[in-house]
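Colleague: Dropping in start.csv, which is CSV, C-alpha atoms and all ligand atoms:
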chain,number,residue,atom,x,y,z
A,1,MET,CA,18.1,8.0,-22.4
A,2,SER,CA,17.3,11.5,-23.4
A,3,SER,CA,20.0,13.2,-21.4
A,4,PRO,CA,23.1,12.2,-19.4
A,5,SER,CA,22.5,11.7,-15.7
A,6,PRO,CA,23.1,15.1,-14.0
A,7,ARG,CA,25.9,15.5,-11.4
A,8,PHE,CA,24.7,17.3,-8.3
A,9,ASP,CA,25.7,18.3,-4.8
A,10,SER,CA,24.2,15.5,-2.8
A,11,SER,CA,24.5,17.3,0.5
A,12,SER,CA,21.9,19.9,-0.5
A,13,GLY,CA,18.2,19.1,-0.8
A,14,THR,CA,17.7,22.0,-3.2
A,15,ALA,CA,20.5,20.7,-5.5
A,16,VAL,CA,19.0,17.2,-5.5
A,17,LEU,CA,15.6,18.7,-6.4
A,18,ALA,CA,17.2,20.7,-9.2
A,19,ALA,CA,18.8,17.5,-10.6
A,20,ALA,CA,15.4,15.7,-10.3
A,21,GLN,CA,13.7,18.6,-12.2
A,22,GLU,CA,16.4,18.3,-14.9
A,23,ILE,CA,15.4,14.7,-15.6
A,24,LEU,CA,11.6,15.5,-15.3
A,25,PRO,CA,11.0,15.0,-19.1
A,26,TRP,CA,12.5,11.5,-18.8
A,27,LEU,CA,10.4,10.8,-15.6
A,28,ILE,CA,7.2,11.9,-17.4
A,29,GLU,CA,8.0,9.7,-20.4
A,30,VAL,CA,8.6,6.7,-18.1
A,31,ARG,CA,5.5,7.4,-16.1
A,32,ARG,CA,3.3,7.8,-19.2
A,33,ASP,CA,4.6,4.6,-20.7
A,34,LEU,CA,3.7,2.7,-17.5
A,35,HIS,CA,0.4,4.5,-17.2
A,36,GLN,CA,-0.6,3.4,-20.7
A,37,HIS,CA,0.2,-0.2,-20.0
A,38,PRO,CA,-1.2,-1.2,-16.7
A,39,GLU,CA,-1.0,-4.8,-15.5
A,40,LEU,CA,-2.7,-6.5,-12.5
A,41,GLY,CA,-0.9,-8.1,-9.6
A,42,LEU,CA,1.5,-11.0,-10.5
A,43,GLU,CA,0.9,-10.3,-14.2
A,44,GLU,CA,3.2,-7.3,-14.4
A,45,PHE,CA,5.4,-8.9,-17.2
A,46,ARG,CA,5.7,-5.9,-19.4
A,47,THR,CA,6.1,-3.5,-16.5
A,48,SER,CA,8.9,-5.8,-15.0
A,49,ALA,CA,10.6,-5.9,-18.4
A,50,ARG,CA,10.5,-2.1,-18.7
A,51,ILE,CA,12.0,-1.7,-15.3
A,52,GLN,CA,14.8,-4.2,-16.1
A,53,ALA,CA,15.5,-2.4,-19.4
A,54,LEU,CA,15.7,1.0,-17.7
A,55,LEU,CA,18.0,-0.4,-15.0
A,56,ASP,CA,20.2,-1.8,-17.8
A,57,GLU,CA,20.3,1.6,-19.5
A,58,LEU,CA,21.4,3.1,-16.2
A,59,GLU,CA,23.9,0.3,-15.8
A,60,ILE,CA,22.4,-0.7,-12.5
A,61,GLU,CA,22.8,-4.3,-11.3
A,62,HIS,CA,19.5,-6.2,-10.8
A,63,VAL,CA,18.0,-9.5,-9.9
A,64,ASP,CA,14.8,-10.4,-11.8
A,65,GLY,CA,11.8,-12.6,-11.3
A,66,ILE,CA,11.7,-12.1,-7.5
A,67,GLY,CA,8.3,-13.3,-6.3
A,68,GLY,CA,7.3,-13.7,-9.9
A,69,THR,CA,7.5,-10.3,-11.5
A,70,GLY,CA,9.5,-8.4,-8.8
A,71,VAL,CA,12.8,-6.8,-9.5
A,72,LEU,CA,15.6,-6.0,-7.1
A,73,GLY,CA,18.0,-3.3,-8.2
A,74,LEU,CA,21.3,-2.9,-6.3
A,75,LEU,CA,23.5,0.2,-6.0
A,76,ARG,CA,26.8,-0.5,-4.3
A,77,GLY,CA,28.6,2.5,-2.9
A,78,HIS,CA,31.7,2.7,-0.6
A,79,GLY,CA,30.1,2.6,2.8
A,80,THR,CA,28.8,-0.4,4.8
A,81,GLY,CA,25.3,1.0,5.4
A,82,VAL,CA,22.3,-0.6,3.6
A,83,VAL,CA,19.0,1.1,2.9
A,84,ALA,CA,16.0,-0.1,0.9
A,85,LEU,CA,13.5,2.0,-1.2
A,86,ARG,CA,10.3,0.3,-2.4
A,87,ALA,CA,7.8,0.9,-5.1
A,88,ASP,CA,4.7,-1.2,-5.9
A,89,ILE,CA,4.2,-1.8,-9.6
A,90,ASP,CA,0.7,-3.2,-10.1
A,91,ALA,CA,-2.5,-1.6,-11.4
A,92,LEU,CA,-6.3,-2.1,-10.8
A,93,PRO,CA,-9.2,-3.8,-12.7
A,94,LEU,CA,-10.8,-0.5,-13.6
A,95,GLN,CA,-11.7,1.3,-16.8
A,96,ASP,CA,-9.7,4.5,-17.3
A,97,ALA,CA,-12.2,7.3,-17.9
A,98,LYS,CA,-9.7,10.1,-18.3
A,99,ASP,CA,-9.4,12.0,-21.6
A,100,VAL,CA,-5.7,12.5,-21.9
A,101,PRO,CA,-3.2,11.3,-24.5
A,102,TYR,CA,-1.5,9.0,-22.0
A,103,LYS,CA,-4.7,7.2,-20.8
A,104,SER,CA,-4.6,3.4,-20.3
A,105,GLN,CA,-4.5,1.5,-23.6
A,106,VAL,CA,-5.7,-1.7,-21.8
A,107,PRO,CA,-9.4,-2.1,-21.5
A,108,GLY,CA,-10.6,-2.6,-17.9
A,109,LYS,CA,-7.2,-1.9,-16.4
A,110,MET,CA,-5.8,1.3,-15.0
A,111,HIS,CA,-3.1,2.7,-12.8
A,112,ALA,CA,-5.7,4.2,-10.5
A,113,CYS,CA,-3.6,3.9,-7.3
A,114,GLY,CA,-0.6,5.8,-8.7
A,115,HIS,CA,1.8,2.8,-8.6
A,116,ASP,CA,3.1,4.0,-12.0
A,117,VAL,CA,4.1,7.2,-10.2
A,118,HIS,CA,5.7,5.2,-7.3
A,119,THR,CA,7.7,3.1,-9.8
A,120,THR,CA,8.8,6.1,-11.8
A,121,CYS,CA,10.0,7.9,-8.6
A,122,LEU,CA,12.1,4.9,-7.7
A,123,LEU,CA,13.6,4.7,-11.1
A,124,GLY,CA,14.4,8.4,-10.9
A,125,ALA,CA,15.9,8.0,-7.5
A,126,ALA,CA,18.0,5.1,-8.9
A,127,ARG,CA,19.2,7.3,-11.7
A,128,LEU,CA,20.3,10.1,-9.4
A,129,LEU,CA,21.9,7.8,-6.9
A,130,ALA,CA,23.7,5.9,-9.7
A,131,ALA,CA,25.0,9.2,-11.0
A,132,MET,CA,26.8,9.6,-7.6
A,133,GLY,CA,29.1,6.7,-8.6
A,134,GLU,CA,31.9,6.3,-6.0
A,135,GLU,CA,30.5,9.0,-3.9
A,136,LEU,CA,27.4,6.9,-2.9
A,137,PRO,CA,28.0,6.2,0.8
A,138,GLY,CA,26.6,2.7,1.0
A,139,THR,CA,24.3,0.1,-0.6
A,140,VAL,CA,20.8,1.0,-1.8
A,141,LYS,CA,18.4,-1.8,-2.6
A,142,LEU,CA,15.6,-0.9,-5.0
A,143,LEU,CA,12.5,-3.0,-4.5
A,144,PHE,CA,10.1,-3.1,-7.4
A,145,GLN,CA,7.3,-5.0,-5.8
A,146,PRO,CA,4.4,-6.8,-7.6
A,147,ALA,CA,0.8,-7.3,-6.3
A,148,GLU,CA,0.3,-4.7,-3.6
A,149,GLU,CA,-3.4,-4.6,-4.4
A,150,THR,CA,-4.0,-8.4,-4.3
A,151,VAL,CA,-1.9,-10.9,-2.5
A,152,GLY,CA,0.5,-8.7,-0.6
A,153,GLY,CA,3.5,-9.0,-2.9
A,154,ALA,CA,5.7,-7.6,-0.1
A,155,GLN,CA,5.6,-11.0,1.6
A,156,LEU,CA,6.9,-12.6,-1.6
A,157,LEU,CA,9.8,-10.3,-1.7
A,158,ILE,CA,10.6,-10.7,2.0
A,159,ALA,CA,10.4,-14.5,1.6
A,160,ALA,CA,12.9,-14.2,-1.4
A,161,GLY,CA,15.3,-12.5,1.1
A,162,VAL,CA,15.4,-8.9,-0.2
A,163,LEU,CA,15.8,-7.6,3.3
A,164,ASP,CA,18.8,-9.9,4.0
A,165,ASP,CA,22.3,-10.4,2.9
A,166,PRO,CA,23.3,-7.6,3.3
A,167,PRO,CA,20.7,-6.8,5.9
A,168,VAL,CA,18.6,-3.7,5.4
A,169,GLU,CA,18.9,-1.1,8.1
A,170,ALA,CA,15.9,1.0,7.1
A,171,ILE,CA,13.2,1.1,4.4
A,172,PHE,CA,11.2,3.9,2.8
A,173,GLY,CA,8.1,3.9,0.6
A,174,LEU,CA,5.8,6.6,-0.6
A,175,HIS,CA,2.2,6.8,-1.8
A,176,VAL,CA,0.5,9.4,-4.0
A,177,GLU,CA,-2.1,11.5,-2.1
A,178,PRO,CA,-4.7,13.3,-4.2
A,179,ASP,CA,-6.0,15.2,-1.2
A,180,LEU,CA,-2.7,16.9,-0.9
A,181,ASP,CA,-1.4,19.6,-3.3
A,182,VAL,CA,1.6,18.7,-5.4
A,183,GLY,CA,4.8,20.0,-3.7
A,184,ARG,CA,3.5,18.9,-0.2
A,185,PHE,CA,4.2,15.8,1.9
A,186,GLU,CA,2.3,14.1,4.7
A,187,VAL,CA,3.8,12.0,7.4
A,188,ARG,CA,2.3,9.9,10.1
A,189,TYR,CA,4.0,8.8,13.3
A,190,GLY,CA,3.3,5.3,14.6
A,191,GLN,CA,0.1,3.5,13.4
A,192,ARG,CA,-0.6,4.5,9.8
A,193,ASN,CA,-2.8,1.8,8.3
A,194,ALA,CA,-5.1,-0.9,9.6
A,195,SER,CA,-4.9,-4.6,9.4
A,196,SER,CA,-7.6,-6.4,7.4
A,197,ASP,CA,-9.1,-9.8,7.9
A,198,THR,CA,-12.0,-11.3,6.1
A,199,VAL,CA,-14.5,-13.2,8.3
A,200,THR,CA,-17.0,-15.7,6.8
A,201,LEU,CA,-19.7,-16.9,9.2
A,202,VAL,CA,-22.0,-19.8,8.2
A,203,ILE,CA,-25.0,-20.2,10.5
A,204,HIS,CA,-26.5,-23.7,10.4
A,205,GLY,CA,-30.0,-24.3,11.6
A,206,ARG,CA,-32.8,-26.8,10.9
A,207,SER,CA,-35.3,-26.3,8.1
A,208,GLY,CA,-39.1,-26.8,8.3
A,209,HIS,CA,-42.4,-25.3,7.3
A,210,GLY,CA,-42.7,-21.6,8.2
A,211,ALA,CA,-46.2,-22.2,9.7
A,212,TYR,CA,-44.7,-24.7,12.2
A,213,PRO,CA,-41.4,-23.2,13.5
A,214,ALA,CA,-41.5,-25.3,16.6
A,215,GLY,CA,-38.9,-28.0,16.1
A,216,THR,CA,-36.9,-26.0,13.6
A,217,VAL,CA,-33.8,-23.9,14.2
A,218,ASP,CA,-34.3,-20.7,12.2
A,219,ALA,CA,-30.9,-19.7,10.8
A,220,ILE,CA,-32.2,-16.3,9.9
A,221,VAL,CA,-33.3,-15.6,13.5
A,222,VAL,CA,-30.0,-16.9,14.8
A,223,ALA,CA,-28.0,-14.8,12.3
A,224,ALA,CA,-29.9,-11.7,13.5
A,225,GLN,CA,-28.9,-12.4,17.1
A,226,VAL,CA,-25.3,-13.1,16.0
A,227,ILE,CA,-25.1,-9.8,14.1
A,228,SER,CA,-26.4,-7.8,17.1
A,229,ALA,CA,-24.1,-9.6,19.5
A,230,LEU,CA,-21.1,-8.9,17.2
A,231,GLN,CA,-21.7,-5.2,17.5
A,232,THR,CA,-20.7,-5.5,21.1
A,233,VAL,CA,-17.2,-6.8,20.3
A,234,VAL,CA,-15.9,-3.3,19.5
A,235,SER,CA,-18.1,-1.4,22.0
A,236,ARG,CA,-17.7,-3.7,25.0
A,237,ASN,CA,-14.4,-5.7,24.5
A,238,VAL,CA,-12.1,-3.2,22.9
A,239,ASP,CA,-10.5,-0.5,25.1
A,240,ALA,CA,-12.2,2.8,24.3
A,241,ARG,CA,-8.8,4.3,23.5
A,242,GLU,CA,-8.1,1.8,20.8
A,243,CYS,CA,-9.5,1.5,17.3
A,244,ALA,CA,-11.3,-1.4,15.6
A,245,VAL,CA,-14.0,-1.9,13.0
A,246,VAL,CA,-16.2,-5.0,12.5
A,247,SER,CA,-18.4,-4.7,9.4
A,248,PHE,CA,-20.5,-7.3,7.7
A,249,GLY,CA,-21.1,-6.4,4.1
A,250,THR,CA,-23.1,-9.4,2.8
A,251,ILE,CA,-25.8,-11.7,4.2
A,252,GLN,CA,-27.3,-14.5,2.3
A,253,GLY,CA,-29.8,-17.3,3.2
A,254,GLY,CA,-33.1,-18.9,2.8
A,255,VAL,CA,-34.9,-20.3,-0.2
A,256,GLN,CA,-38.6,-19.2,0.2
A,257,GLY,CA,-40.8,-17.0,2.3
A,258,ASN,CA,-42.7,-19.9,4.0
A,259,ILE,CA,-39.7,-22.1,4.6
A,260,VAL,CA,-37.5,-21.8,7.7
A,261,ALA,CA,-34.0,-21.2,6.6
A,262,ASN,CA,-31.3,-23.7,7.6
A,263,ARG,CA,-28.3,-21.8,6.4
A,264,VAL,CA,-27.2,-18.2,6.4
A,265,GLU,CA,-23.8,-16.9,5.3
A,266,LEU,CA,-22.3,-13.6,6.3
A,267,VAL,CA,-19.1,-12.1,5.0
A,268,GLY,CA,-17.4,-9.2,6.8
A,269,THR,CA,-14.2,-7.4,7.4
A,270,VAL,CA,-12.2,-6.7,10.6
A,271,ARG,CA,-9.9,-3.7,10.7
A,272,CYS,CA,-7.5,-2.9,13.6
A,273,LEU,CA,-4.5,-0.7,14.2
A,274,ASN,CA,-2.8,-2.7,16.9
A,275,PRO,CA,-1.7,-6.4,16.6
A,276,GLU,CA,-3.0,-7.3,20.1
A,277,ILE,CA,-6.4,-5.7,19.5
A,278,ARG,CA,-6.5,-7.5,16.2
A,279,GLU,CA,-6.0,-10.8,18.0
A,280,LEU,CA,-8.6,-9.9,20.7
A,281,VAL,CA,-11.3,-8.8,18.1
A,282,LEU,CA,-10.9,-11.9,16.0
A,283,ARG,CA,-11.0,-14.2,19.0
A,284,ARG,CA,-14.2,-12.4,20.3
A,285,VAL,CA,-15.9,-12.5,16.9
A,286,ARG,CA,-15.3,-16.3,16.8
A,287,GLU,CA,-16.4,-16.9,20.4
A,288,THR,CA,-19.5,-14.6,20.1
A,289,ALA,CA,-20.7,-16.1,16.9
A,290,GLU,CA,-20.2,-19.7,18.1
A,291,GLY,CA,-21.7,-19.0,21.5
A,292,VAL,CA,-24.8,-17.2,20.4
A,293,ALA,CA,-25.6,-19.7,17.6
A,294,ARG,CA,-25.3,-22.5,20.1
A,295,ALA,CA,-27.6,-20.7,22.6
A,296,PHE,CA,-30.3,-20.7,19.9
A,297,GLY,CA,-29.8,-24.3,19.0
A,298,GLY,CA,-27.8,-23.7,15.9
A,299,GLU,CA,-24.2,-23.7,15.0
A,300,ALA,CA,-21.8,-21.1,13.6
A,301,GLU,CA,-18.9,-22.1,11.4
A,302,VAL,CA,-16.3,-19.3,11.6
A,303,ASN,CA,-13.6,-18.9,8.9
A,304,ILE,CA,-11.1,-16.1,9.2
A,305,GLU,CA,-8.9,-15.3,6.3
A,306,SER,CA,-5.9,-13.2,7.4
A,307,GLY,CA,-5.2,-10.1,5.3
A,308,TYR,CA,-2.6,-7.4,5.6
A,309,ASP,CA,-0.9,-6.6,8.9
A,310,PRO,CA,-1.3,-3.1,10.4
A,311,LEU,CA,1.3,-0.6,9.1
A,312,ILE,CA,3.2,0.8,12.0
A,313,ASN,CA,5.9,3.4,11.1
A,314,ASP,CA,9.1,3.7,13.0
A,315,ASP,CA,9.2,7.2,14.6
A,316,ASP,CA,12.9,7.9,14.0
A,317,SER,CA,12.4,7.1,10.4
A,318,VAL,CA,9.3,9.3,10.1
A,319,ALA,CA,11.3,12.1,11.8
A,320,LEU,CA,14.0,11.6,9.2
A,321,VAL,CA,11.5,11.9,6.3
A,322,GLN,CA,9.9,15.0,8.0
A,323,ARG,CA,13.3,16.7,8.3
A,324,ASN,CA,14.2,16.0,4.7
A,325,ALA,CA,10.7,17.0,3.4
A,326,SER,CA,10.7,20.2,5.5
A,327,GLY,CA,14.2,21.1,4.2
A,328,LEU,CA,12.9,20.7,0.7
A,329,VAL,CA,9.4,22.3,0.6
A,330,GLY,CA,9.3,24.2,4.0
A,331,GLU,CA,7.8,23.1,7.3
A,332,LYS,CA,4.3,24.3,6.5
A,333,ASN,CA,4.1,22.1,3.5
A,334,VAL,CA,4.8,18.9,5.5
A,335,VAL,CA,1.6,17.8,7.2
A,336,VAL,CA,1.8,15.6,10.3
A,337,LYS,CA,-1.3,13.5,10.1
A,338,SER,CA,-3.1,13.2,13.4
A,339,THR,CA,-5.2,10.1,12.6
A,340,PRO,CA,-4.4,6.8,11.0
A,341,ASN,CA,-6.1,5.3,8.0
A,342,MET,CA,-8.4,2.3,8.3
A,343,GLY,CA,-7.4,1.2,4.7
A,344,VAL,CA,-4.5,-1.3,4.2
A,345,GLU,CA,-1.1,-1.2,2.7
A,346,ASP,CA,1.3,-4.2,2.4
A,347,PHE,CA,4.3,-2.1,3.2
A,348,ALA,CA,3.3,-3.1,6.7
A,349,TYR,CA,5.2,-6.4,6.2
A,350,TYR,CA,8.5,-4.7,5.6
A,351,LEU,CA,8.0,-2.6,8.7
A,352,SER,CA,7.4,-5.7,10.9
A,353,GLN,CA,11.0,-6.8,9.9
A,354,VAL,CA,13.0,-3.6,9.7
A,355,PRO,CA,12.4,0.0,10.8
A,356,GLY,CA,11.3,2.5,8.2
A,357,ALA,CA,8.6,4.9,7.1
A,358,PHE,CA,5.7,5.0,4.6
A,359,PHE,CA,4.6,8.5,3.8
A,360,SER,CA,2.4,10.5,1.3
A,361,LEU,CA,3.4,12.5,-1.7
A,362,GLY,CA,1.0,15.3,-2.8
A,363,VAL,CA,-0.2,15.0,-6.4
A,364,ARG,CA,-3.3,17.2,-6.3
A,365,ASN,CA,-3.8,20.2,-8.7
A,366,GLU,CA,-7.2,21.6,-8.5
A,367,ALA,CA,-6.7,24.1,-11.4
A,368,ALA,CA,-5.8,21.2,-13.7
A,369,GLY,CA,-8.8,19.2,-12.4
A,370,ILE,CA,-6.5,16.6,-10.7
A,371,VAL,CA,-8.7,16.0,-7.6
A,372,HIS,CA,-10.0,12.5,-7.8
A,373,SER,CA,-9.3,9.9,-5.2
A,374,VAL,CA,-7.2,6.8,-5.7
A,375,HIS,CA,-9.2,3.8,-7.1
A,376,HIS,CA,-11.4,6.4,-9.0
A,377,GLU,CA,-11.8,6.0,-12.8
A,378,LEU,CA,-10.7,9.7,-13.2
A,379,PHE,CA,-7.7,9.5,-10.9
A,380,ASP,CA,-4.6,11.3,-12.1
A,381,ALA,CA,-1.4,12.9,-10.6
A,382,ASP,CA,0.2,16.2,-11.3
A,383,GLU,CA,3.4,15.0,-12.9
A,384,ASN,CA,5.5,17.7,-11.1
A,385,CYS,CA,5.2,15.3,-8.1
A,386,LEU,CA,7.7,13.1,-9.8
A,387,ALA,CA,10.6,15.4,-9.0
A,388,PHE,CA,9.5,15.7,-5.4
A,389,GLY,CA,9.1,11.9,-5.0
A,390,VAL,CA,12.5,11.3,-6.6
A,391,THR,CA,14.2,13.9,-4.4
A,392,ILE,CA,12.7,12.8,-1.1
A,393,GLN,CA,13.7,9.2,-1.6
A,394,VAL,CA,17.3,10.1,-2.6
A,395,LEU,CA,17.5,12.3,0.6
A,396,ASN,CA,16.0,9.5,2.7
A,397,ALA,CA,18.5,7.0,1.4
A,398,LEU,CA,21.5,9.3,1.9
A,399,SER,CA,20.4,10.3,5.4
A,400,VAL,CA,20.5,6.6,6.5
A,401,LEU,CA,23.8,5.8,4.7
A,402,ARG,CA,25.5,8.9,6.2
A,403,ARG,CA,24.5,8.4,9.8
B,1,NI,NI,-1.8,2.0,-3.7
Can the structure from this file be put into structure tokens for me?

Modeller:
Amino acid sequence: MSSPSPRFDSSSGTAVLAAAQEILPWLIEVRRDLHQHPELGLEEFRTSARIQALLDELEIEHVDGIGGTGVLGLLRGHGTGVVALRADIDALPLQDAKDVPYKSQVPGKMHACGHDVHTTCLLGAARLLAAMGEELPGTVKLLFQPAEETVGGAQLLIAAGVLDDPPVEAIFGLHVEPDLDVGRFEVRYGQRNASSDTVTLVIHGRSGHGAYPAGTVDAIVVAAQVISALQTVVSRNVDARECAVVSFGTIQGGVQGNIVANRVELVGTVRCLNPEIRELVLRRVRETAEGVARAFGGEAEVNIESGYDPLINDDDSVALVQRNASGLVGEKNVVVKSTPNMGVEDFAYYLSQVPGAFFSLGVRNEAAGIVHSVHHELFDADENCLAFGVTIQVLNALSVLRR
């Protein structure tokens, strides 16, 4: 480690930020190392080993190999409270197009969603909380989670018991936000991210010569009726005050222009913000597809593959983050988001078990050209965000443990 862990007055946000800024060179070094060595979900072997090595250097107890490549760090203080902080550690199958010395060294893989930043913020928070020693007012669980982008690694960690024994009272996670300037935060009360389910529809008809359609069941005509009817699920079945999306992105069928098709396959996605609406939409998609296909003499085979749950923040936990962030960067630099996001995030799974909040960390710096969205080949983060990310998570943990 480049410098000893700083001592700081943990009751003052400004003092915590100063301590985080003191370790900024270390944070940048950690982040750049992770950034240069991105690994995909459940293959984060090097990343996991780095995390373990850094926790060893910090003399922080940890359990390895959770859910495959996950790591659980444990800080035990003097109080009975238990709080969890989570970072996802996986990267994306994307070619890094940035021209910077710390660009990805792995062809076709890139930390384009900022999970290297999340991991570094959690390691930094761990370092500062560990430096409190006996003064730490409770237990902090550090969740380094694999596979956010793929299989929902959160479920693997939960199944391994990371929220139990001792039971976690609250959990906090952050995500980089390139639309928000560095030094700013964004919070969202209630529903923050949608659920996501993949629907595959196979329409079965009966083939024949295109010149003699009588006696055939044209799967393409049936599919056309099914597609139109499915548009009414959101417009006619979902309460107008709720949100839902039904989109079909692929359609495939038929073999030749003069042959009536006997099979058409459609694949789509269903996004919802409310678990009950999700259930309703999926049920109506199935009923509508099956019923319409039958009405035209065909048959619809409906396969629903469940994806992530909707992410619903706990309002008290969001208020806690908002207070801590406002104290740190001023009220005007903490945006309260008025609309949810129809994208997904597997932090949702923790929040269906324990209260907590998932919020956004500003990483944008227009002057430095850091403006690209996540999952973009030019995505980057202003590294000054690391000190803010570390500080807010330290403050969130302490707020829970001190209440
Ligand atoms: Ni992400």

Colleague: Could you list, with a cut-off of 10 Å and counting all atoms listed in the file, the residues of region 276-341 of chain A near region 144-154 of chain A, each shown with its nearest atom pair and the distance in Å rounded to one decimal, rows sorted by chain and ascending number, as a tab-separated table?

Modeller:
residue	atom	partner	partner_atom	distance
A:Gly307	CA	A:Gly152	CA	8.3
A:Tyr308	CA	A:Gly152	CA	7.1
A:Asp309	CA	A:Gly152	CA	9.8

Colleague: What does the file look like for those residues with C-alpha atoms, as a PDB file, keeping the file's coordinate frame?

Modeller:
ATOM      1  CA  GLY A 307      -5.200 -10.100   5.300  1.00  0.00           C
ATOM      2  CA  TYR A 308      -2.600  -7.400   5.600  1.00  0.00           C
ATOM      3  CA  ASP A 309      -0.900  -6.600   8.900  1.00  0.00           C
TER       4      ASP A 309
END

Colleague: Write as number ranges by chain the residues around ligand NI 1 (chain B), taking 7 Å as the cut-off and counting all atoms listed in the file.

Modeller: A: 113-115, 149, 175

Colleague: List as a JSON list (two decimals) with C-alpha atoms, in the coordinates of the input the protein and nucleic acid residues near Asp179 (chain A), meaning an atom at most 10 Å away when all atoms listed in the file are counted, but skip any in the same chain fewer than 5 places from it.

Modeller:
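Writing done, so here's part.json:
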[["chain", "number", "residue", "atom", "x", "y", "z"],
["A", 360, "SER", "CA", 2.40, 10.50, 1.30],
["A", 361, "LEU", "CA", 3.40, 12.50, -1.70],
["A", 362, "GLY", "CA", 1.00, 15.30, -2.80],
["A", 363, "VAL", "CA", -0.20, 15.00, -6.40],
["A", 364, "ARG", "CA", -3.30, 17.20, -6.30],
["A", 365, "ASN", "CA", -3.80, 20.20, -8.70],
["A", 366, "GLU", "CA", -7.20, 21.60, -8.50],
["A", 370, "ILE", "CA", -6.50, 16.60, -10.70],
["A", 371, "VAL", "CA", -8.70, 16.00, -7.60],
["A", 372, "HIS", "CA", -10.00, 12.50, -7.80],
["A", 373, "SER", "CA", -9.30, 9.90, -5.20],
["A", 374, "VAL", "CA", -7.20, 6.80, -5.70]]

Colleague: Figure out the distance between CA of Ser228 (chain A) and CA of Gly343 (chain A), please, to one decimal in Å.

Modeller: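 According to the coordinates, CA of Gly343 (chain A) and CA of Ser228 (chain A) are separated by 24.4 Å.
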
Colleague: Rounded to one decimal, what separation in Å do you get between CA of Val292 (chain A) and CA of Val226 (chain A)?

Modeller: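 The value is 6.0 Å.
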
Colleague: Would you mind reading off the distance between CA of Ala18 (chain A) and CA of Arg184 (chain A), one decimal, in Å?

Modeller: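 We find that CA of Ala18 (chain A) and CA of Arg184 (chain A) lie 16.5 Å from each other.
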
Colleague: Using all atoms listed in the file, find the one residue out of A:Pro38, A:Gly73, A:Gly327, A:Gly253 that sits nearest to Ile392 (chain A).

Modeller: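 Residue with the minimum atom-to-atom distance to Ile392 (chain A): A:Gly327.
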
Colleague: Please produce, as a Markdown table, a per-residue contact table for region 227-292 of chain A versus region 191-215 of chain A (criterion: any atom at most 8 Å away, only C-alpha atoms considered), showing the nearest atom pair and its distance in Å to one decimal, sorted by chain then residue number.

Modeller:
| residue | atom | partner | partner_atom | distance |
| --- | --- | --- | --- | --- |
| A:Gly257 | CA | A:Gly210 | CA | 7.7 |
| A:Asn258 | CA | A:Gly210 | CA | 4.5 |
| A:Ile259 | CA | A:Gly210 | CA | 4.7 |
| A:Val260 | CA | A:Ser207 | CA | 5.0 |
| A:Ala261 | CA | A:Ser207 | CA | 5.5 |
| A:Asn262 | CA | A:Gly205 | CA | 4.2 |
| A:Arg263 | CA | A:His204 | CA | 4.8 |
| A:Val264 | CA | A:Ile203 | CA | 5.1 |
| A:Glu265 | CA | A:Val202 | CA | 4.5 |
| A:Leu266 | CA | A:Leu201 | CA | 5.1 |
| A:Val267 | CA | A:Thr200 | CA | 4.5 |
| A:Gly268 | CA | A:Val199 | CA | 5.2 |
| A:Thr269 | CA | A:Thr198 | CA | 4.7 |
| A:Val270 | CA | A:Asp197 | CA | 5.1 |
| A:Arg271 | CA | A:Ser196 | CA | 4.8 |
| A:Cys272 | CA | A:Ala194 | CA | 5.1 |
| A:Leu273 | CA | A:Ala194 | CA | 4.6 |
| A:Asn274 | CA | A:Gln191 | CA | 7.7 |
| A:Arg278 | CA | A:Ser195 | CA | 7.6 |
| A:Ala289 | CA | A:Leu201 | CA | 7.8 |

Colleague: Write the residues of the preceding selection, restricted to C-alpha atoms, as a short mmCIF file (atom, residue, chain, number, x, y, z; two decimals), keeping the file's coordinate frame.

Modeller:
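Produced file selection-v1.cif, reproduced below:
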data_model
loop_
_atom_site.label_atom_id
_atom_site.label_comp_id
_atom_site.auth_asym_id
_atom_site.auth_seq_id
_atom_site.Cartn_x
_atom_site.Cartn_y
_atom_site.Cartn_z
CA GLY A 257 -40.80 -17.00 2.30
CA ASN A 258 -42.70 -19.90 4.00
CA ILE A 259 -39.70 -22.10 4.60
CA VAL A 260 -37.50 -21.80 7.70
CA ALA A 261 -34.00 -21.20 6.60
CA ASN A 262 -31.30 -23.70 7.60
CA ARG A 263 -28.30 -21.80 6.40
CA VAL A 264 -27.20 -18.20 6.40
CA GLU A 265 -23.80 -16.90 5.30
CA LEU A 266 -22.30 -13.60 6.30
CA VAL A 267 -19.10 -12.10 5.00
CA GLY A 268 -17.40 -9.20 6.80
CA THR A 269 -14.20 -7.40 7.40
CA VAL A 270 -12.20 -6.70 10.60
CA ARG A 271 -9.90 -3.70 10.70
CA CYS A 272 -7.50 -2.90 13.60
CA LEU A 273 -4.50 -0.70 14.20
CA ASN A 274 -2.80 -2.70 16.90
CA ARG A 278 -6.50 -7.50 16.20
CA ALA A 289 -20.70 -16.10 16.90
#

Colleague: With 5 Å added on each side, what axis-aligned box encloses every listed atom of region 75-78 of chain A? Give the centre and edge lengths in Å to one decimal, as lines of an AutoDock Vina configuration file.

Modeller:
center_x = 27.6
center_y = 1.1
center_z = -3.3
size_x = 18.2
size_y = 13.2
size_z = 15.4

Colleague: Is there a way to get, as a VMD selection string, all residues within 8 Å of the point (-0.1, 0.8, -19.7) in file coordinates, counting all atoms listed in the file?

Modeller: chain A and resid 32 to 39 103 to 106 110 to 111

Colleague: Would you mind telling me which residue in A:Leu58, A:Leu157, A:Ile89, A:Ile220 lies nearest to Phe45 (chain A) when using all atoms listed in the file?

Modeller: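 Checking each candidate against Phe45 (chain A), we get A:Ile89 as the closest.
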